[in-house]
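Colleague: My structure is stored as model.cif, with mmCIF, C-alpha atoms and all ligand atoms.
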```
data_work
loop_
_atom_site.label_atom_id
_atom_site.label_comp_id
_atom_site.auth_asym_id
_atom_site.auth_seq_id
_atom_site.Cartn_x
_atom_site.Cartn_y
_atom_site.Cartn_z
CA MET W 1 -3.63 5.77 -27.13
CA ASN W 2 -2.29 5.44 -23.61
CA VAL W 3 -4.73 3.51 -21.39
CA ALA W 4 -4.15 2.96 -17.66
CA ALA W 5 -6.03 1.05 -15.00
CA VAL W 6 -6.48 1.79 -11.30
CA VAL W 7 -7.37 -1.27 -9.23
CA VAL W 8 -8.75 -0.28 -5.84
CA ALA W 9 -7.96 -2.91 -3.23
CA ALA W 10 -7.66 -0.84 -0.06
CA GLY W 11 -10.95 -1.91 1.54
CA ARG W 12 -11.31 -4.25 4.50
CA GLY W 13 -13.98 -6.52 3.04
CA GLU W 14 -16.02 -6.42 6.24
CA ARG W 15 -19.28 -7.71 4.78
CA ALA W 16 -17.57 -10.78 3.34
CA GLY W 17 -16.08 -11.85 6.70
CA GLY W 18 -13.53 -14.64 6.46
CA GLY W 19 -10.49 -13.37 8.38
CA VAL W 20 -8.45 -11.69 5.65
CA PRO W 21 -9.85 -8.92 3.42
CA LYS W 22 -11.85 -10.50 0.61
CA GLN W 23 -9.45 -9.50 -2.18
CA TYR W 24 -6.79 -11.74 -0.60
CA ARG W 25 -9.07 -14.77 -0.21
CA THR W 26 -8.92 -17.42 -2.90
CA VAL W 27 -11.48 -18.51 -5.46
CA GLY W 28 -10.63 -21.79 -7.17
CA GLY W 29 -7.28 -21.74 -5.35
CA ILE W 30 -6.18 -18.30 -6.67
CA PRO W 31 -6.29 -15.05 -4.68
CA VAL W 32 -9.10 -12.75 -5.91
CA ILE W 33 -6.72 -9.82 -6.45
CA ARG W 34 -4.44 -12.01 -8.53
CA LEU W 35 -7.38 -13.06 -10.73
CA VAL W 36 -8.28 -9.39 -11.20
CA LEU W 37 -4.76 -8.32 -12.19
CA HIS W 38 -4.27 -11.41 -14.35
CA ASN W 39 -7.46 -10.60 -16.27
CA LEU W 40 -6.37 -6.99 -16.78
CA VAL W 41 -2.92 -8.01 -18.02
CA ARG W 42 -4.48 -10.68 -20.25
CA ALA W 43 -6.61 -8.03 -21.97
CA GLY W 44 -3.38 -6.55 -23.35
CA ALA W 45 -4.90 -3.06 -23.37
CA PHE W 46 -3.08 -1.25 -20.57
CA SER W 47 0.25 0.57 -20.62
CA THR W 48 0.08 1.00 -16.84
CA ILE W 49 -1.78 -0.90 -14.12
CA GLN W 50 -1.82 0.85 -10.75
CA PRO W 51 -2.94 -1.14 -7.70
CA VAL W 52 -4.05 0.68 -4.55
CA VAL W 53 -3.77 -1.25 -1.28
CA HIS W 54 -4.32 -0.77 2.43
CA ALA W 55 -1.18 0.19 4.37
CA ASP W 56 -1.48 -2.98 6.49
CA ALA W 57 -1.88 -5.28 3.50
CA VAL W 58 1.32 -4.67 1.53
CA PRO W 59 2.86 -8.06 2.46
CA LEU W 60 -0.45 -9.83 1.64
CA PHE W 61 -0.54 -8.04 -1.69
CA ARG W 62 3.05 -8.94 -2.56
CA ALA W 63 2.48 -12.60 -1.67
CA ALA W 64 -0.70 -12.78 -3.75
CA CYS W 65 0.50 -10.88 -6.82
CA ASP W 66 4.11 -11.95 -7.19
CA GLY W 67 5.32 -11.83 -10.79
CA ILE W 68 2.49 -9.74 -12.28
CA ALA W 69 3.57 -6.85 -14.53
CA MET W 70 2.26 -3.65 -12.88
CA GLN W 71 3.27 -0.52 -10.99
CA PRO W 72 4.29 -0.93 -7.34
CA PRO W 73 1.19 -0.53 -5.14
CA VAL W 74 0.30 2.82 -3.59
CA VAL W 75 -1.52 3.13 -0.28
CA GLY W 76 -5.22 3.98 -0.38
CA GLY W 77 -7.41 6.05 1.90
CA ALA W 78 -10.28 5.71 4.34
CA THR W 79 -12.92 5.69 1.58
CA ARG W 80 -13.06 4.14 -1.85
CA GLN W 81 -13.03 7.65 -3.29
CA ALA W 82 -9.79 8.52 -1.49
CA SER W 83 -8.24 5.26 -2.68
CA VAL W 84 -9.10 6.01 -6.31
CA LEU W 85 -7.59 9.50 -6.00
CA ALA W 86 -4.35 7.99 -4.64
CA GLY W 87 -4.20 5.74 -7.70
CA LEU W 88 -4.92 8.59 -10.10
CA GLU W 89 -2.23 10.80 -8.57
CA ALA W 90 0.28 7.96 -8.96
CA LEU W 91 -0.62 7.76 -12.66
CA VAL W 92 0.00 11.45 -13.38
CA PRO W 93 3.64 10.95 -14.50
CA HIS W 94 2.48 8.25 -16.95
CA LYS W 95 0.18 10.72 -18.74
CA PRO W 96 -2.61 8.28 -19.66
CA ASP W 97 -5.31 9.42 -22.09
CA VAL W 98 -7.92 7.09 -20.64
CA VAL W 99 -8.18 5.45 -17.23
CA LEU W 100 -10.31 2.50 -16.15
CA VAL W 101 -11.11 2.22 -12.45
CA HIS W 102 -11.83 -1.31 -11.33
CA ASP W 103 -12.76 -2.91 -8.00
CA ALA W 104 -10.39 -5.57 -6.71
CA ALA W 105 -13.51 -7.47 -5.66
CA ARG W 106 -14.58 -8.17 -9.28
CA PRO W 107 -12.30 -10.99 -10.44
CA PHE W 108 -14.38 -12.10 -13.44
CA VAL W 109 -13.80 -9.03 -15.62
CA SER W 110 -13.51 -10.16 -19.25
CA PRO W 111 -11.44 -8.81 -22.17
CA ALA W 112 -14.67 -7.96 -24.01
CA LEU W 113 -15.94 -5.83 -21.11
CA ILE W 114 -12.59 -4.05 -20.88
CA ALA W 115 -12.70 -3.32 -24.62
CA ARG W 116 -16.22 -1.83 -24.30
CA ALA W 117 -15.05 0.27 -21.35
CA ILE W 118 -12.09 1.71 -23.23
CA THR W 119 -14.30 2.70 -26.17
CA ALA W 120 -16.66 4.44 -23.75
CA GLY W 121 -13.83 6.13 -21.85
CA GLU W 122 -12.45 7.74 -24.99
CA LYS W 123 -15.73 9.64 -25.27
CA GLY W 124 -15.38 11.11 -21.77
CA ALA W 125 -17.05 8.93 -19.19
CA GLY W 126 -18.75 5.54 -19.37
CA VAL W 127 -20.02 2.90 -16.95
CA PRO W 128 -21.06 -0.74 -17.47
CA ALA W 129 -24.78 -1.10 -16.82
CA LEU W 130 -27.16 -4.02 -16.38
CA ALA W 131 -30.92 -3.94 -16.77
CA ILE W 132 -32.94 -4.95 -13.71
CA THR W 133 -35.32 -7.89 -13.80
CA ASP W 134 -36.68 -7.66 -10.26
CA THR W 135 -39.09 -4.91 -9.29
CA VAL W 136 -37.46 -2.28 -7.09
CA LYS W 137 -39.34 -0.63 -4.25
CA ILE W 138 -38.48 2.01 -1.72
CA VAL W 139 -39.05 0.67 1.77
CA ASP W 140 -39.17 2.66 4.98
CA GLY W 141 -39.53 0.96 8.35
CA GLY W 142 -40.65 -2.29 6.76
CA VAL W 143 -43.33 -0.57 4.68
CA VAL W 144 -43.26 0.06 0.92
CA THR W 145 -43.48 3.76 0.20
CA ALA W 146 -42.96 3.70 -3.57
CA THR W 147 -42.46 1.39 -6.53
CA LEU W 148 -39.88 2.50 -9.08
CA ASP W 149 -40.06 2.11 -12.83
CA ARG W 150 -37.45 -0.56 -13.45
CA ASN W 151 -37.25 0.30 -17.14
CA VAL W 152 -35.24 3.41 -16.31
CA LEU W 153 -33.10 1.70 -13.63
CA ARG W 154 -29.73 0.05 -14.14
CA THR W 155 -27.21 -1.54 -11.80
CA ILE W 156 -23.70 -0.25 -12.39
CA GLN W 157 -20.45 -2.20 -12.28
CA THR W 158 -16.77 -1.50 -12.74
CA PRO W 159 -14.56 -1.02 -14.75
CA GLN W 160 -15.73 2.56 -15.15
CA ALA W 161 -13.83 4.45 -17.83
CA PHE W 162 -12.92 8.12 -18.16
CA ARG W 163 -10.67 10.52 -19.95
CA PHE W 164 -7.87 10.73 -17.42
CA ASP W 165 -7.80 14.52 -17.16
CA LEU W 166 -11.56 14.65 -16.64
CA LEU W 167 -11.56 12.12 -13.79
CA LEU W 168 -8.46 13.52 -12.09
CA ALA W 169 -9.90 17.06 -12.14
CA ALA W 170 -13.26 15.84 -10.82
CA HIS W 171 -11.59 13.89 -7.99
CA ARG W 172 -9.37 16.82 -6.99
CA LYS W 173 -12.40 19.11 -7.02
CA ALA W 174 -14.41 16.69 -4.83
CA ALA W 175 -11.53 16.32 -2.38
CA SER W 176 -11.05 20.07 -2.04
CA ALA W 177 -14.82 20.48 -1.58
CA GLY W 178 -14.54 18.14 1.40
CA ARG W 179 -16.56 15.39 -0.30
CA SER W 180 -15.28 11.88 0.41
CA ASP W 181 -18.35 9.71 0.18
CA PHE W 182 -19.10 9.18 -3.51
CA PRO W 183 -19.91 5.49 -3.92
CA ASP W 184 -18.38 5.27 -7.39
CA ASP W 185 -16.40 7.38 -9.82
CA ALA W 186 -19.34 8.02 -12.10
CA SER W 187 -21.36 9.66 -9.31
CA LEU W 188 -18.37 11.89 -8.58
CA ALA W 189 -18.01 12.75 -12.27
CA GLU W 190 -21.76 13.49 -12.47
CA TRP W 191 -21.41 15.82 -9.49
CA ALA W 192 -18.55 17.57 -11.30
CA GLY W 193 -20.77 18.10 -14.32
CA ALA W 194 -19.64 15.34 -16.67
CA GLN W 195 -22.03 13.44 -18.90
CA VAL W 196 -21.72 9.76 -18.04
CA ASN W 197 -22.65 7.29 -20.78
CA VAL W 198 -23.55 3.68 -20.19
CA PHE W 199 -22.36 0.58 -22.02
CA GLN W 200 -23.38 -3.05 -21.70
CA GLY W 201 -22.16 -4.61 -18.44
CA ASP W 202 -21.56 -8.31 -17.85
CA PRO W 203 -23.68 -10.40 -15.44
CA GLU W 204 -20.66 -12.64 -14.78
CA ASN W 205 -18.68 -9.64 -13.55
CA ILE W 206 -20.05 -9.84 -10.00
CA LYS W 207 -18.61 -7.96 -7.04
CA LEU W 208 -17.72 -10.40 -4.28
CA THR W 209 -19.38 -8.79 -1.28
CA THR W 210 -21.00 -11.33 1.06
CA PRO W 211 -19.98 -14.80 2.31
CA ASP W 212 -22.60 -16.24 -0.07
CA ASP W 213 -20.88 -14.57 -3.02
CA PHE W 214 -17.74 -16.50 -2.15
CA ILE W 215 -19.61 -19.80 -1.90
CA ARG W 216 -21.19 -19.23 -5.34
CA ALA W 217 -17.93 -18.03 -6.91
CA GLU W 218 -16.10 -21.06 -5.54
CA ALA W 219 -18.76 -23.40 -6.94
CA THR W 220 -18.51 -21.71 -10.34
CA ALA W 221 -14.72 -21.89 -10.35
CA MET W 222 -14.73 -25.55 -9.32
CA ALA W 223 -17.38 -26.41 -11.91
CA ALA W 224 -15.24 -24.76 -14.59
CA LYS W 225 -12.19 -26.64 -13.34
CA PHE W 226 -14.00 -29.98 -13.09
CA SER W 227 -15.44 -29.66 -16.58
CA THR W 228 -11.88 -29.85 -17.92
CA LEU W 229 -10.94 -32.69 -15.54
CA GLY W 230 -13.30 -35.35 -16.80
CA ASP W 231 -10.98 -38.33 -16.45
CA VAL W 232 -11.94 -39.56 -12.97
CA ARG W 233 -9.83 -42.37 -11.58
CA VAL W 234 -9.81 -44.39 -8.37
CA GLY W 235 -6.63 -46.10 -7.17
CA SER W 236 -6.09 -48.45 -4.26
CA GLY W 237 -3.07 -49.07 -2.08
CA TYR W 238 -2.12 -51.44 0.72
CA ASP W 239 0.77 -51.63 3.15
CA VAL W 240 1.81 -53.75 6.12
CA HIS W 241 4.61 -53.45 8.64
CA ALA W 242 5.62 -55.54 11.64
CA PHE W 243 5.91 -54.12 15.14
CA GLY W 244 9.42 -54.17 16.64
CA ASP W 245 11.48 -52.37 19.23
CA GLY W 246 10.72 -48.74 19.86
CA ASP W 247 8.52 -46.26 21.67
CA HIS W 248 6.32 -44.80 18.93
CA ILE W 249 4.88 -45.39 15.49
CA MET W 250 4.44 -42.93 12.61
CA LEU W 251 0.92 -43.04 11.22
CA GLY W 252 -0.39 -40.59 8.62
CA GLY W 253 2.60 -38.38 9.30
CA VAL W 254 1.78 -38.15 13.01
CA ARG W 255 3.93 -39.55 15.82
CA ILE W 256 1.90 -41.80 18.12
CA PRO W 257 3.59 -42.89 21.37
CA TYR W 258 3.38 -46.69 21.84
CA THR W 259 5.19 -49.42 23.72
CA ARG W 260 6.59 -50.72 20.45
CA GLY W 261 7.94 -49.33 17.18
CA VAL W 262 7.53 -50.43 13.57
CA VAL W 263 10.12 -52.28 11.49
CA GLY W 264 10.74 -50.81 8.08
CA HIS W 265 13.20 -49.29 5.72
CA SER W 266 11.80 -45.73 5.89
CA ASP W 267 9.77 -44.51 8.87
CA ALA W 268 7.31 -47.37 8.08
CA ASP W 269 4.22 -45.17 8.00
CA VAL W 270 1.65 -47.65 6.66
CA ALA W 271 -1.05 -45.02 6.15
CA LEU W 272 1.13 -42.77 4.01
CA HIS W 273 2.58 -45.71 2.08
CA ALA W 274 -0.88 -47.04 1.26
CA LEU W 275 -1.96 -43.56 0.16
CA VAL W 276 1.08 -43.13 -2.08
CA ASP W 277 0.30 -46.42 -3.80
CA ALA W 278 -3.36 -45.45 -4.14
CA ILE W 279 -2.42 -42.19 -5.88
CA LEU W 280 0.20 -43.86 -8.07
CA GLY W 281 -2.37 -46.55 -8.85
CA ALA W 282 -4.87 -43.96 -10.01
CA LEU W 283 -2.16 -42.45 -12.20
CA ALA W 284 -1.13 -45.93 -13.46
CA ASP W 285 2.36 -44.78 -12.58
CA GLY W 286 4.06 -47.74 -10.88
CA ASP W 287 4.20 -48.06 -7.11
CA ILE W 288 6.12 -46.62 -4.20
CA GLY W 289 8.98 -49.11 -4.64
CA VAL W 290 9.53 -48.04 -8.26
CA HIS W 291 9.98 -44.41 -7.30
CA PHE W 292 11.69 -44.95 -3.93
CA PRO W 293 13.56 -48.29 -4.16
CA PRO W 294 14.15 -49.88 -0.72
CA SER W 295 17.59 -50.84 -2.04
CA ASP W 296 18.49 -47.14 -2.26
CA PRO W 297 20.18 -46.07 1.01
CA GLN W 298 18.93 -42.50 0.66
CA TRP W 299 15.43 -43.63 1.71
CA ARG W 300 16.63 -45.38 4.92
CA GLY W 301 14.67 -43.88 7.81
CA ALA W 302 13.16 -41.36 5.39
CA SER W 303 10.13 -39.44 6.55
CA SER W 304 7.25 -40.72 4.41
CA ASP W 305 5.70 -37.29 3.96
CA ARG W 306 8.19 -36.85 1.12
CA PHE W 307 6.69 -39.85 -0.67
CA LEU W 308 3.16 -38.50 -0.37
CA ALA W 309 4.20 -34.99 -1.44
CA PHE W 310 5.88 -36.59 -4.47
CA ALA W 311 2.76 -38.54 -5.46
CA ALA W 312 0.56 -35.43 -5.08
CA GLU W 313 3.01 -33.48 -7.22
CA ARG W 314 2.81 -36.21 -9.91
CA VAL W 315 -0.94 -35.56 -10.08
CA ARG W 316 -0.39 -31.81 -10.43
CA GLN W 317 2.27 -32.36 -13.10
CA ARG W 318 -0.34 -34.19 -15.13
CA GLY W 319 -2.63 -31.16 -14.80
CA GLY W 320 -4.91 -33.04 -12.39
CA MET W 321 -6.22 -32.72 -8.88
CA ILE W 322 -6.83 -35.04 -5.95
CA GLY W 323 -10.54 -35.39 -5.26
CA HIS W 324 -10.44 -37.56 -2.16
CA LEU W 325 -8.10 -39.65 0.00
CA ASP W 326 -9.42 -42.41 2.25
CA VAL W 327 -7.44 -44.72 4.55
CA THR W 328 -8.39 -47.65 6.77
CA VAL W 329 -5.87 -48.74 9.39
CA VAL W 330 -6.10 -52.20 11.02
CA CYS W 331 -4.36 -52.80 14.36
CA GLU W 332 -5.28 -53.96 17.88
CA ALA W 333 -3.25 -51.09 19.36
CA PRO W 334 -2.39 -48.23 19.61
CA ARG W 335 -5.76 -46.54 19.47
CA VAL W 336 -5.96 -44.33 16.39
CA GLY W 337 -9.16 -42.43 17.25
CA PRO W 338 -7.53 -39.77 19.46
CA TYR W 339 -5.14 -38.93 16.60
CA ARG W 340 -7.70 -38.99 13.78
CA GLU W 341 -8.06 -35.23 13.35
CA ALA W 342 -4.31 -34.62 13.63
CA ILE W 343 -3.68 -37.29 10.98
CA ARG W 344 -6.35 -35.88 8.63
CA ALA W 345 -4.88 -32.41 8.98
CA ARG W 346 -1.35 -33.65 8.35
CA ILE W 347 -2.32 -35.69 5.27
CA ALA W 348 -4.29 -32.72 3.89
CA GLU W 349 -1.28 -30.50 4.44
CA ILE W 350 1.22 -32.86 2.80
CA ALA W 351 -1.01 -33.65 -0.18
CA GLY W 352 -2.10 -30.03 -0.62
CA VAL W 353 -5.85 -30.74 -0.42
CA SER W 354 -8.58 -29.39 1.82
CA LEU W 355 -9.41 -31.20 5.06
CA ASP W 356 -12.83 -32.27 3.83
CA ARG W 357 -11.11 -34.38 1.17
CA VAL W 358 -9.29 -36.62 3.64
CA ALA W 359 -10.76 -39.51 5.65
CA ILE W 360 -9.10 -41.92 8.07
CA LYS W 361 -10.76 -44.86 9.78
CA ALA W 362 -9.37 -47.57 12.03
CA THR W 363 -10.52 -50.99 13.17
CA THR W 364 -9.14 -54.00 14.97
CA SER W 365 -9.27 -57.45 13.40
CA GLU W 366 -11.03 -58.89 16.46
CA LYS W 367 -7.85 -60.61 17.69
CA MET W 368 -7.66 -62.74 14.53
CA GLY W 369 -4.69 -63.03 12.25
CA PHE W 370 -1.33 -61.26 12.55
CA THR W 371 -2.89 -57.89 13.29
CA GLY W 372 -5.10 -59.57 15.86
CA ARG W 373 -2.07 -61.08 17.57
CA GLY W 374 -0.46 -57.62 17.65
CA GLU W 375 2.39 -58.64 15.34
CA GLY W 376 1.94 -55.67 13.03
CA LEU W 377 -0.46 -53.26 11.42
CA THR W 378 -1.89 -52.68 7.95
CA ALA W 379 -3.39 -49.82 6.03
CA SER W 380 -5.44 -49.83 2.87
CA ALA W 381 -6.26 -46.66 0.97
CA THR W 382 -8.23 -45.35 -1.96
CA ALA W 383 -7.48 -42.16 -3.85
CA THR W 384 -9.86 -40.47 -6.25
CA ILE W 385 -8.14 -38.19 -8.69
CA ARG W 386 -9.27 -36.14 -11.66
CA LEU W 387 -7.12 -35.72 -14.75
CA PRO W 388 -7.68 -33.75 -17.96
CA TRP W 389 -9.34 -35.78 -20.68
CA GLN W 390 -6.85 -36.83 -23.33
CA ASP W 391 -8.02 -37.67 -26.77
CA PHE W 392 -6.21 -40.90 -27.56
CA SER W 393 -8.17 -41.56 -30.74
CA THR W 394 -5.56 -39.82 -32.85
CA SER W 395 -2.40 -41.04 -31.10
N1 LIG H 1 -11.88 0.14 -1.46
C1 LIG H 1 -10.71 0.84 -1.37
N2 LIG H 1 -10.51 1.70 -0.33
C2 LIG H 1 -11.46 1.88 0.60
C3 LIG H 1 -12.67 1.15 0.52
C4 LIG H 1 -12.87 0.30 -0.53
O1 LIG H 1 -9.83 0.68 -2.20
N3 LIG H 1 -11.21 2.72 1.61
C5 LIG H 1 -12.06 -0.83 -2.57
C6 LIG H 1 -12.28 -2.25 -2.09
O2 LIG H 1 -11.02 -2.89 -1.81
C7 LIG H 1 -13.03 -2.90 -3.23
C8 LIG H 1 -13.77 -1.73 -3.86
O3 LIG H 1 -13.23 -0.54 -3.29
O4 LIG H 1 -12.15 -3.46 -4.19
C9 LIG H 1 -15.27 -1.81 -3.66
O5 LIG H 1 -15.58 -1.69 -2.29
P1 LIG H 1 -16.36 -2.78 -1.42
O6 LIG H 1 -16.89 -3.86 -2.28
O7 LIG H 1 -17.28 -2.03 -0.52
O8 LIG H 1 -15.15 -3.44 -0.58
P2 LIG H 1 -14.79 -3.27 0.95
O9 LIG H 1 -14.98 -1.85 1.37
O10 LIG H 1 -13.45 -3.87 1.13
O11 LIG H 1 -15.88 -4.22 1.63
P3 LIG H 1 -16.86 -3.88 2.84
O12 LIG H 1 -17.61 -2.63 2.43
O13 LIG H 1 -17.75 -5.09 2.94
O14 LIG H 1 -16.01 -3.69 4.06
MG MG H 2 -16.97 -0.88 1.26
#
```
Starting from the file, lay out its structure as structure tokens.
Ligand code: CTP
Ligand code: MG

Modeller:
Amino acid sequence: MNVAAVVVAAGRGERAGGGVPKQYRTVGGIPVIRLVLHNLVRAGAFSTIQPVVHADAVPLFRAACDGIAMQPPVVGGATRQASVLAGLEALVPHKPDVVLVHDAARPFVSPALIARAITAGEKGAGVPALAITDTVKIVDGGVVTATLDRNVLRTIQTPQAFRFDLLLAAHRKAASAGRSDFPDDASLAEWAGAQVNVFQGDPENIKLTTPDDFIRAEATAMAAKFSTLGDVRVGSGYDVHAFGDGDHIMLGGVRIPYTRGVVGHSDADVALHALVDAILGALADGDIGVHFPPSDPQWRGASSDRFLAFAAERVRQRGGMIGHLDVTVVCEAPRVGPYREAIRARIAEIAGVSLDRVAIKATTSEKMGFTGRGEGLTASATATIRLPWQDFSTS
């Protein structure tokens, strides 16, 4: 049997806010639309997957879905119904027997739900349904006018499944009747006279609609990720450089104008060097000098962001993630405070972590010691990283 999927992604996601349409925002670091398509491909049930996108979003779509096996996207319409019809028309040459229509805003669709949908679609028309636990009332102007019997009510999700010919004919009929406002494909099929069956939906298969949905989905995704990253490690790092001739220092990847420079083999960025050692320390993976020997001329004057990007990549290569980076700089001058936010942003960018996972503090040493005399500056850092648990009991 030839089964196709239409993924409608041509909406603007207005209720979700957040700048870009919701299907292009990330959950757990992966664009929602990519999660959707990945889950459809993973089910192994479809001969053709047809995405439908907004005309303005083609570059966003390509960037998010690079490398996924599917048809090239077609452009949707002003309503969800029009977008589905565009996808169905694009499928005509592929002659599917059954088509599943799925919202791009439901990234948690499971293989089991897809299998149930296909079985239902073979019979004509089927929708995933969930029983209601809350009482549902009709309210008018802030006043309850009726209480419904929740035993006969269901909430309906996607994927909705249909015999292809049935759904295509119903959509064409609705379009030629000037109807464009059916909220889902089942209501359109009902209008066209089809019997729509229900099958068991999946409470996890939520439609991301509001900003709160994104907060909850992110928490769920992170909890799932963290549960596999149970090996929490903290590393520390320290670095010191002397002031010398010059007119600026590099600190946390940011150029700070100053009456002196810093003596060092690379760009002598104490904050980044301390952070690199903190990360390598957490990995138990040597130190900065092991990976970037000062004796090697290729690191002379090198920009230290390369060292930090390398250490962050080492964490990712081990299947881990950086939880937090924290640096304390000690110097009498220059003042670090005015550059704090720029430094945090730069470190977050280099290490590939969110801004709320980077801290930088500075202090003087109250005129005591070499930092107090203005001879140089130091930085100490801690890095918290999470790695996958390894079972060493058998090795
Ligand atoms: N959709 C579509 N074409 C439209 C409108 C909606 O393809 N003209 C798609 C959306 O991209 C989404 C699905 O239909 O995957 C369900 O719609 P909804 O959740 O309402 O998404 P949006 O319309 O994008 O969001 P909003 O209503 O908040 O603007
Ligand atoms: Mg909408």

Colleague: Which of these, W:Val6, W:Val336, W:Ala105, W:Ala221, has the shortest distance to ligand MG 2 (chain H) once you count all atoms listed in the file?

Modeller: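 So, comparing all the options, the nearest one is W:Ala105.
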
Colleague: Anything within 10 Å of (-16.1, -35.2, -17.5): list those residues as a list in words, counting all atoms listed in the file and sticking to the file's coordinates.

Modeller: Phe226, Ser227, Thr228, Leu229, Gly230, Asp231, Val232, Arg386, Leu387, Pro388 and Trp389 of chain W

Colleague: How big is the axis-aligned box around all listed atoms of segment 196-204 of chain W once 5 Å goes on each side, and where's its centre, in Å to one decimal, as lines of an AutoDock Vina configuration file?

Modeller:
```
center_x = -22.2
center_y = -1.4
center_z = -18.4
size_x = 13.0
size_y = 32.4
size_z = 17.2
```

Colleague: One decimal, in Å: what's the spacing between atom CA of Val109 of chain W and atom CA of Glu204 of chain W?

Modeller: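 Between atom CA of Val109 of chain W and atom CA of Glu204 of chain W the gap is 7.8 Å.
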
Colleague: Could I get the residue neighbourhood of ligand LIG 1 (chain H) at 7 Å, counting only C-alpha atoms and all ligand atoms, as number ranges by chain?

Modeller: W: 8-16, 21-23, 52-53, 76-80, 82-84, 103-105, 207-209

Colleague: Which residues are near Ala381 of chain W? Cut-off 7 Å, only C-alpha atoms, ignore same chain within fewer than 2 positions. Put them as a ChimeraX atom specification.

Modeller: /W:236-238,274-275,278,326-328,379,383

Colleague: Leaving out Leu308 of chain W and any residue of its chain fewer than 3 positions from it, which residues lie within 8 Å of it when counting only C-alpha atoms, given as a VMD selection string?

Modeller: chain W and resid 272 to 273 275 to 276 304 to 305 311 to 312 350 to 351

Colleague: Using atom CA of Arg150 of chain W and atom CA of Gln195 of chain W as the two end points, give the distance in Å to one decimal.

Modeller: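 Atom CA of Gln195 of chain W lies 21.5 Å from atom CA of Arg150 of chain W.
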
Colleague: Between W:Thr363, W:Leu377, W:Phe310, W:Phe182, which has the minimum distance to ligand MG 2 (chain H) (counting all atoms listed in the file)?

Modeller: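 Result for the nearest residue to ligand MG 2 (chain H): W:Phe182.
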
Colleague: Compare W:Ala345, W:Met222, W:Val99, W:Val234 by their minimum atom-to-atom distance to Gln160 of chain W, counting all atoms listed in the file, and give me the closest one.

Modeller: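 Ranking W:Ala345, W:Met222, W:Val99, W:Val234 by distance to Gln160 of chain W, first place goes to W:Val99.
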
Colleague: So the first atom is atom CA of Thr210 of chain W and the second is atom CA of Thr155 of chain W; what is the distance between them in Å, to one decimal place?

Modeller: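 Atom-to-atom, atom CA of Thr210 of chain W to atom CA of Thr155 of chain W, that is 17.3 Å.
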
Colleague: Please check which residues have atoms at most 10 Å from (-14.0, 1.8, -23.0) in the file's coordinates, counting all atoms listed in the file, and write them as a ChimeraX atom specification.

Modeller: /W:3,98-100,112-128,159-163,199

Colleague: Counting all atoms listed in the file, figure out which residue out of W:Leu167, W:Val36, W:Ala86, W:Met321 gets nearest to Arg357 of chain W.

Modeller: W:Met321

Colleague: Give me the residues near Asp267 of chain W as a list in words, where near means some atom within 8 Å (using only C-alpha atoms) and where sequence neighbours in that chain fewer than 6 positions away do not count.

Modeller: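 That gives Met250, Arg300, Gly301, Ala302, Ser303 and Ser304 of chain W.
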
Colleague: Between W:Ile33, W:Ile249, W:Val92, W:Ala223, which residue has the minimum interatomic distance to Arg62 of chain W, considering all atoms listed in the file?

Modeller: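 Between W:Ile33, W:Ile249, W:Val92, W:Ala223, the residue approaching Arg62 of chain W most closely is W:Ile33.
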
Colleague: For ligand MG 2 (chain H), which residue out of W:Pro111, W:Gly289, W:Pro183, W:Pro51 is the nearest one, using all atoms listed in the file?

Modeller: W:Pro183
